[in-house]
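Have a look at data22.txt below; it lists compact mmCIF, N, CA and C atoms.
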# COMPACT_ATOMS: atom_id res chain seq x y z
N MET A 1 -22.44 50.95 56.67
CA MET A 1 -22.10 49.54 56.66
C MET A 1 -20.89 49.30 57.52
N GLY A 2 -20.88 48.35 58.35
CA GLY A 2 -19.78 47.95 59.21
C GLY A 2 -18.41 48.44 58.80
N THR A 3 -17.52 47.55 58.48
CA THR A 3 -16.15 47.90 58.17
C THR A 3 -15.91 48.16 56.69
N VAL A 4 -16.87 47.87 55.85
CA VAL A 4 -16.73 48.07 54.41
C VAL A 4 -17.69 49.16 53.97
N SER A 5 -17.16 50.13 53.27
CA SER A 5 -17.98 51.24 52.78
C SER A 5 -19.00 50.73 51.76
N PRO A 6 -20.20 51.31 51.75
CA PRO A 6 -21.19 50.93 50.74
C PRO A 6 -20.70 51.22 49.32
N ASN A 7 -19.75 52.13 49.19
CA ASN A 7 -19.20 52.46 47.88
C ASN A 7 -17.98 51.63 47.50
N ALA A 8 -17.52 50.78 48.40
CA ALA A 8 -16.35 49.94 48.11
C ALA A 8 -16.64 48.99 46.97
N ILE A 9 -15.62 48.71 46.21
CA ILE A 9 -15.69 47.72 45.14
C ILE A 9 -14.67 46.64 45.49
N LEU A 10 -15.16 45.42 45.63
CA LEU A 10 -14.31 44.31 46.03
C LEU A 10 -14.16 43.30 44.90
N ARG A 11 -13.10 42.50 45.00
CA ARG A 11 -12.86 41.43 44.04
C ARG A 11 -12.21 40.27 44.79
N PRO A 12 -12.25 39.08 44.19
CA PRO A 12 -11.55 37.96 44.81
C PRO A 12 -10.06 38.27 44.93
N ALA A 13 -9.46 37.89 46.04
CA ALA A 13 -8.04 38.10 46.28
C ALA A 13 -7.26 36.90 45.76
N GLY A 14 -6.31 37.15 44.90
CA GLY A 14 -5.53 36.05 44.35
C GLY A 14 -6.37 35.18 43.45
N GLN A 15 -5.91 33.96 43.28
CA GLN A 15 -6.65 33.04 42.42
C GLN A 15 -7.50 32.12 43.29
N ILE A 16 -8.78 32.17 43.04
CA ILE A 16 -9.73 31.34 43.78
C ILE A 16 -10.60 30.62 42.77
N VAL A 17 -10.65 29.32 42.88
CA VAL A 17 -11.47 28.51 41.97
C VAL A 17 -12.83 28.30 42.62
N ARG A 18 -13.89 28.57 41.84
CA ARG A 18 -15.26 28.33 42.32
C ARG A 18 -15.82 27.18 41.52
N ARG A 19 -16.38 26.21 42.21
CA ARG A 19 -17.01 25.07 41.57
C ARG A 19 -18.33 24.78 42.25
N THR A 20 -19.29 24.32 41.44
CA THR A 20 -20.56 23.85 41.99
C THR A 20 -20.61 22.35 41.74
N ILE A 21 -20.70 21.61 42.83
CA ILE A 21 -20.70 20.16 42.77
C ILE A 21 -21.92 19.66 43.51
N ALA A 22 -22.76 18.90 42.81
CA ALA A 22 -23.99 18.36 43.41
C ALA A 22 -24.80 19.45 44.10
N GLY A 23 -24.88 20.62 43.46
CA GLY A 23 -25.67 21.71 43.99
C GLY A 23 -25.00 22.52 45.08
N GLU A 24 -23.78 22.18 45.45
CA GLU A 24 -23.05 22.90 46.49
C GLU A 24 -21.92 23.70 45.85
N THR A 25 -21.84 24.98 46.19
CA THR A 25 -20.78 25.83 45.67
C THR A 25 -19.63 25.86 46.66
N ILE A 26 -18.42 25.61 46.13
CA ILE A 26 -17.23 25.65 46.97
C ILE A 26 -16.20 26.60 46.37
N LEU A 27 -15.38 27.17 47.24
CA LEU A 27 -14.26 28.02 46.83
C LEU A 27 -12.98 27.35 47.29
N VAL A 28 -12.00 27.31 46.39
CA VAL A 28 -10.71 26.72 46.72
C VAL A 28 -9.62 27.72 46.33
N PRO A 29 -8.91 28.28 47.32
CA PRO A 29 -7.80 29.17 46.99
C PRO A 29 -6.67 28.38 46.33
N VAL A 30 -6.03 28.99 45.34
CA VAL A 30 -4.91 28.36 44.65
C VAL A 30 -3.65 29.14 44.97
N ARG A 31 -2.64 28.44 45.41
CA ARG A 31 -1.35 29.06 45.73
C ARG A 31 -0.32 28.48 44.77
N GLY A 32 0.26 29.34 43.97
CA GLY A 32 1.20 28.85 42.97
C GLY A 32 0.45 28.01 41.95
N ARG A 33 0.83 26.76 41.84
CA ARG A 33 0.18 25.87 40.87
C ARG A 33 -0.70 24.82 41.54
N THR A 34 -0.87 24.92 42.86
CA THR A 34 -1.65 23.90 43.56
C THR A 34 -2.77 24.52 44.39
N ALA A 35 -3.82 23.75 44.53
CA ALA A 35 -4.95 24.18 45.35
C ALA A 35 -4.60 23.98 46.82
N ASP A 36 -5.03 24.91 47.65
CA ASP A 36 -4.84 24.80 49.09
C ASP A 36 -6.04 24.03 49.65
N MET A 37 -5.94 22.72 49.65
CA MET A 37 -7.07 21.86 50.02
C MET A 37 -7.41 21.94 51.51
N ARG A 38 -6.55 22.56 52.31
CA ARG A 38 -6.87 22.73 53.72
C ARG A 38 -7.83 23.89 53.93
N ARG A 39 -8.01 24.71 52.88
CA ARG A 39 -8.85 25.90 53.00
C ARG A 39 -9.94 25.88 51.95
N ILE A 40 -10.83 24.94 52.03
CA ILE A 40 -11.97 24.86 51.13
C ILE A 40 -13.15 25.50 51.84
N PHE A 41 -13.87 26.36 51.12
CA PHE A 41 -15.00 27.08 51.69
C PHE A 41 -16.28 26.65 50.98
N SER A 42 -17.25 26.22 51.75
CA SER A 42 -18.55 25.83 51.22
C SER A 42 -19.50 27.01 51.38
N LEU A 43 -20.19 27.37 50.29
CA LEU A 43 -21.08 28.53 50.32
C LEU A 43 -22.55 28.10 50.32
N ASN A 44 -23.34 28.72 51.18
CA ASN A 44 -24.77 28.50 51.11
C ASN A 44 -25.31 29.27 49.90
N PRO A 45 -26.58 29.11 49.55
CA PRO A 45 -27.10 29.80 48.36
C PRO A 45 -26.96 31.32 48.40
N THR A 46 -27.14 31.92 49.56
CA THR A 46 -26.98 33.37 49.67
C THR A 46 -25.53 33.78 49.43
N ALA A 47 -24.61 33.09 50.05
CA ALA A 47 -23.19 33.40 49.87
C ALA A 47 -22.75 33.17 48.42
N ALA A 48 -23.26 32.11 47.79
CA ALA A 48 -22.92 31.85 46.38
C ALA A 48 -23.44 32.99 45.50
N PHE A 49 -24.63 33.47 45.78
CA PHE A 49 -25.20 34.60 45.04
C PHE A 49 -24.30 35.82 45.19
N LEU A 50 -23.87 36.09 46.42
CA LEU A 50 -23.01 37.25 46.66
C LEU A 50 -21.66 37.09 45.96
N TRP A 51 -21.06 35.90 46.05
CA TRP A 51 -19.75 35.66 45.45
C TRP A 51 -19.78 35.93 43.94
N GLU A 52 -20.85 35.53 43.30
CA GLU A 52 -20.97 35.74 41.85
C GLU A 52 -20.99 37.22 41.49
N ARG A 53 -21.40 38.06 42.42
CA ARG A 53 -21.51 39.49 42.14
C ARG A 53 -20.31 40.30 42.59
N ILE A 54 -19.42 39.68 43.33
CA ILE A 54 -18.21 40.38 43.77
C ILE A 54 -17.15 40.14 42.70
N ASP A 55 -17.14 41.06 41.73
CA ASP A 55 -16.32 40.84 40.54
C ASP A 55 -15.38 42.00 40.21
N GLY A 56 -15.25 42.93 41.14
CA GLY A 56 -14.37 44.06 40.90
C GLY A 56 -15.01 45.19 40.12
N THR A 57 -16.33 45.10 39.86
CA THR A 57 -17.01 46.16 39.12
C THR A 57 -18.20 46.73 39.88
N ARG A 58 -18.77 45.98 40.82
CA ARG A 58 -19.97 46.43 41.53
C ARG A 58 -19.63 46.98 42.91
N ARG A 59 -20.31 48.07 43.27
CA ARG A 59 -20.17 48.61 44.61
C ARG A 59 -20.95 47.73 45.59
N VAL A 60 -20.54 47.75 46.83
CA VAL A 60 -21.19 46.95 47.87
C VAL A 60 -22.68 47.27 47.91
N GLU A 61 -23.05 48.54 47.81
CA GLU A 61 -24.48 48.90 47.88
C GLU A 61 -25.27 48.30 46.72
N GLU A 62 -24.65 48.10 45.56
CA GLU A 62 -25.32 47.45 44.43
C GLU A 62 -25.56 45.97 44.72
N ILE A 63 -24.61 45.36 45.39
CA ILE A 63 -24.74 43.94 45.75
C ILE A 63 -25.84 43.77 46.79
N VAL A 64 -25.92 44.70 47.74
CA VAL A 64 -27.00 44.67 48.74
C VAL A 64 -28.35 44.77 48.04
N ALA A 65 -28.48 45.71 47.09
CA ALA A 65 -29.75 45.90 46.37
C ALA A 65 -30.11 44.65 45.57
N ALA A 66 -29.12 44.01 44.95
CA ALA A 66 -29.39 42.79 44.17
C ALA A 66 -29.86 41.66 45.08
N LEU A 67 -29.25 41.54 46.24
CA LEU A 67 -29.66 40.50 47.19
C LEU A 67 -31.08 40.76 47.67
N GLN A 68 -31.37 42.02 48.01
CA GLN A 68 -32.71 42.37 48.48
C GLN A 68 -33.76 42.02 47.43
N GLU A 69 -33.49 42.37 46.19
CA GLU A 69 -34.46 42.11 45.13
C GLU A 69 -34.61 40.63 44.83
N SER A 70 -33.49 39.93 44.70
CA SER A 70 -33.54 38.52 44.30
C SER A 70 -34.08 37.61 45.39
N PHE A 71 -33.83 37.96 46.65
CA PHE A 71 -34.28 37.11 47.75
C PHE A 71 -35.51 37.67 48.44
N ASP A 72 -36.08 38.76 47.89
CA ASP A 72 -37.30 39.37 48.41
C ASP A 72 -37.24 39.55 49.92
N THR A 73 -36.25 40.33 50.35
CA THR A 73 -36.05 40.58 51.76
C THR A 73 -36.01 42.08 52.02
N THR A 74 -35.87 42.47 53.25
CA THR A 74 -35.82 43.89 53.60
C THR A 74 -34.42 44.44 53.38
N PRO A 75 -34.30 45.75 53.24
CA PRO A 75 -32.96 46.34 53.09
C PRO A 75 -32.06 46.04 54.29
N GLU A 76 -32.65 46.02 55.48
CA GLU A 76 -31.86 45.77 56.69
C GLU A 76 -31.30 44.35 56.71
N VAL A 77 -32.13 43.39 56.34
CA VAL A 77 -31.68 41.99 56.33
C VAL A 77 -30.63 41.79 55.24
N ALA A 78 -30.87 42.35 54.08
CA ALA A 78 -29.91 42.23 52.97
C ALA A 78 -28.57 42.84 53.38
N ARG A 79 -28.60 44.01 53.96
CA ARG A 79 -27.37 44.69 54.39
C ARG A 79 -26.63 43.86 55.43
N ALA A 80 -27.35 43.32 56.40
CA ALA A 80 -26.73 42.51 57.45
C ALA A 80 -26.11 41.25 56.86
N ASP A 81 -26.80 40.61 55.92
CA ASP A 81 -26.25 39.40 55.29
C ASP A 81 -24.99 39.71 54.51
N VAL A 82 -24.99 40.80 53.75
CA VAL A 82 -23.82 41.17 52.97
C VAL A 82 -22.67 41.53 53.90
N GLU A 83 -22.94 42.31 54.94
CA GLU A 83 -21.88 42.68 55.89
C GLU A 83 -21.25 41.45 56.53
N ALA A 84 -22.08 40.50 56.94
CA ALA A 84 -21.56 39.28 57.58
C ALA A 84 -20.69 38.48 56.60
N PHE A 85 -21.16 38.34 55.37
CA PHE A 85 -20.39 37.59 54.38
C PHE A 85 -19.08 38.29 54.07
N LEU A 86 -19.12 39.59 53.85
CA LEU A 86 -17.90 40.33 53.53
C LEU A 86 -16.90 40.28 54.67
N ALA A 87 -17.37 40.43 55.89
CA ALA A 87 -16.48 40.39 57.05
C ALA A 87 -15.74 39.05 57.10
N ARG A 88 -16.47 37.97 56.92
CA ARG A 88 -15.84 36.63 56.97
C ARG A 88 -14.90 36.42 55.79
N ALA A 89 -15.33 36.82 54.58
CA ALA A 89 -14.49 36.62 53.40
C ALA A 89 -13.22 37.47 53.48
N LEU A 90 -13.32 38.68 54.00
CA LEU A 90 -12.13 39.52 54.18
C LEU A 90 -11.21 38.93 55.24
N GLU A 91 -11.79 38.45 56.33
CA GLU A 91 -11.01 37.83 57.40
C GLU A 91 -10.23 36.62 56.89
N GLU A 92 -10.85 35.87 56.00
CA GLU A 92 -10.22 34.66 55.45
C GLU A 92 -9.26 34.97 54.29
N GLY A 93 -9.19 36.25 53.90
CA GLY A 93 -8.29 36.63 52.82
C GLY A 93 -8.81 36.29 51.44
N LEU A 94 -10.13 36.11 51.31
CA LEU A 94 -10.72 35.75 50.01
C LEU A 94 -11.02 36.97 49.16
N LEU A 95 -11.11 38.16 49.77
CA LEU A 95 -11.47 39.37 49.05
C LEU A 95 -10.44 40.47 49.29
N GLU A 96 -10.41 41.40 48.33
CA GLU A 96 -9.58 42.60 48.48
C GLU A 96 -10.30 43.73 47.77
N GLU A 97 -9.93 44.97 48.10
CA GLU A 97 -10.52 46.11 47.41
C GLU A 97 -9.97 46.20 46.01
N ALA A 98 -10.85 46.49 45.06
CA ALA A 98 -10.44 46.66 43.67
C ALA A 98 -9.95 48.09 43.48
N GLY A 99 -9.10 48.27 42.52
CA GLY A 99 -8.69 49.63 42.18
C GLY A 99 -7.42 49.96 42.76
Transcribe the structure of this file into structure tokens.
Amino acid sequence: MGTVSPNAILRPAGQIVRRTIAGETILVPVRGRTADMRRIFSLNPTAAFLWERIDGTRRVEEIVAALQESFDTTPEVARADVEAFLARALEEGLLEEAG
């Protein structure tokens, strides 16, 4: 897997509020006692599925397998989707390694 090991366990970095509004899932980082409204992230259904599973207990390879099974896709497509999401979320500071 790209820059993240298949055995890595990730979790949200800092405090991030997840809300689903009118069928759209958004992430809002919280700094101190206030939300950083300049950095709101809208998740598509695949990204929302992945975010729910990045909880500090599952390895990346388990998340890939769950995506493959739930979205009935190939291992290659599932892996590519997870890698792309993780790369962006890490770049934005939304995730960190657990442990």
Filtered DSSP result for chain A, state strand (DSSP E or B), as a PyMOL selection string: chain A and resi 9-12+15-21+24-31+34-35+41-43+59+95-97
Long-range neighbours of region 53-59 of chain A as a VMD selection string, 6.5 Å cut-off, all atoms listed in the file, 6 positions minimum in chain: chain A and resid 6 to 12 98
Write the selection just made, keeping N, CA and C atoms, as a PDB file, in the coordinates of the input?
ATOM      1  N   PRO A   6     -20.200  51.310  51.750  1.00  0.00           N
ATOM      2  CA  PRO A   6     -21.190  50.930  50.740  1.00  0.00           C
ATOM      3  C   PRO A   6     -20.700  51.220  49.320  1.00  0.00           C
ATOM      4  N   ASN A   7     -19.750  52.130  49.190  1.00  0.00           N
ATOM      5  CA  ASN A   7     -19.200  52.460  47.880  1.00  0.00           C
ATOM      6  C   ASN A   7     -17.980  51.630  47.500  1.00  0.00           C
ATOM      7  N   ALA A   8     -17.520  50.780  48.400  1.00  0.00           N
ATOM      8  CA  ALA A   8     -16.350  49.940  48.110  1.00  0.00           C
ATOM      9  C   ALA A   8     -16.640  48.990  46.970  1.00  0.00           C
ATOM     10  N   ILE A   9     -15.620  48.710  46.210  1.00  0.00           N
ATOM     11  CA  ILE A   9     -15.690  47.720  45.140  1.00  0.00           C
ATOM     12  C   ILE A   9     -14.670  46.640  45.490  1.00  0.00           C
ATOM     13  N   LEU A  10     -15.160  45.420  45.630  1.00  0.00           N
ATOM     14  CA  LEU A  10     -14.310  44.310  46.030  1.00  0.00           C
ATOM     15  C   LEU A  10     -14.160  43.300  44.900  1.00  0.00           C
ATOM     16  N   ARG A  11     -13.100  42.500  45.000  1.00  0.00           N
ATOM     17  CA  ARG A  11     -12.860  41.430  44.040  1.00  0.00           C
ATOM     18  C   ARG A  11     -12.210  40.270  44.790  1.00  0.00           C
ATOM     19  N   PRO A  12     -12.250  39.080  44.190  1.00  0.00           N
ATOM     20  CA  PRO A  12     -11.550  37.960  44.810  1.00  0.00           C
ATOM     21  C   PRO A  12     -10.060  38.270  44.930  1.00  0.00           C
ATOM     22  N   ALA A  98     -10.850  46.490  45.060  1.00  0.00           N
ATOM     23  CA  ALA A  98     -10.440  46.660  43.670  1.00  0.00           C
ATOM     24  C   ALA A  98      -9.950  48.090  43.480  1.00  0.00           C
TER      25      ALA A  98
END
At a cut-off of 12 Å, can you tabulate as JSON lines every residue of region 39-58 of chain A near region 73-80 of chain A together with its closest atom pair and the distance in Å to one decimal, using only C-alpha atoms and ordering rows by chain then number?
{"residue": "A:Thr46", "atom": "CA", "partner": "A:Ala78", "partner_atom": "CA", "distance": 9.9}
{"residue": "A:Ala47", "atom": "CA", "partner": "A:Ala78", "partner_atom": "CA", "distance": 11.5}
{"residue": "A:Phe49", "atom": "CA", "partner": "A:Ala78", "partner_atom": "CA", "distance": 12.0}
{"residue": "A:Leu50", "atom": "CA", "partner": "A:Ala78", "partner_atom": "CA", "distance": 10.6}
Between atom N of Arg31 (chain A) and atom C of Asp81 (chain A) - distance in Å to one decimal: 26.6 Å
Every residue of region 45-90 of chain A that DSSP places in helix (DSSP H, G or I), as a ChimeraX atom specification: /A:45-53,60-71,75-90
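Separating CA of Ala66 (chain A) from CA of Ile16 (chain A) is a distance of 22.8 Å.
With only N, CA and C atoms as the atoms that count, the residue of A:Pro45, A:Glu96, A:Glu69, A:Ile63 with the shortest distance to Val82 (chain A) is A:Ile63.
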One-decimal distance in Å that lies between CA of Asn44 (chain A) and CA of Thr20 (chain A): 11.1 Å
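Using all atoms listed in the file, the shortest contact distance between Phe41 (chain A) and any of A:Glu92, A:Glu61, A:Glu97, A:Ile26 is found at A:Ile26.
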Would you compute the box with edges along x, y and z of the file around region 36-53 of chain A, including every atom the file lists for it and 8 Å extra on each side, and give its centre and edge lengths in Å to one decimal, as AutoDock Vina command-line options?
--center_x -16.0 --center_y 31.1 --center_z 47.7 --size_x 38.3 --size_y 34.4 --size_z 28.4
Distance query 7 Å from (-18.3, 37.9, 50.4) using all atoms listed in the file, result as an MDAnalysis selection string: chainID A and resid 47 50:51 82 84:90
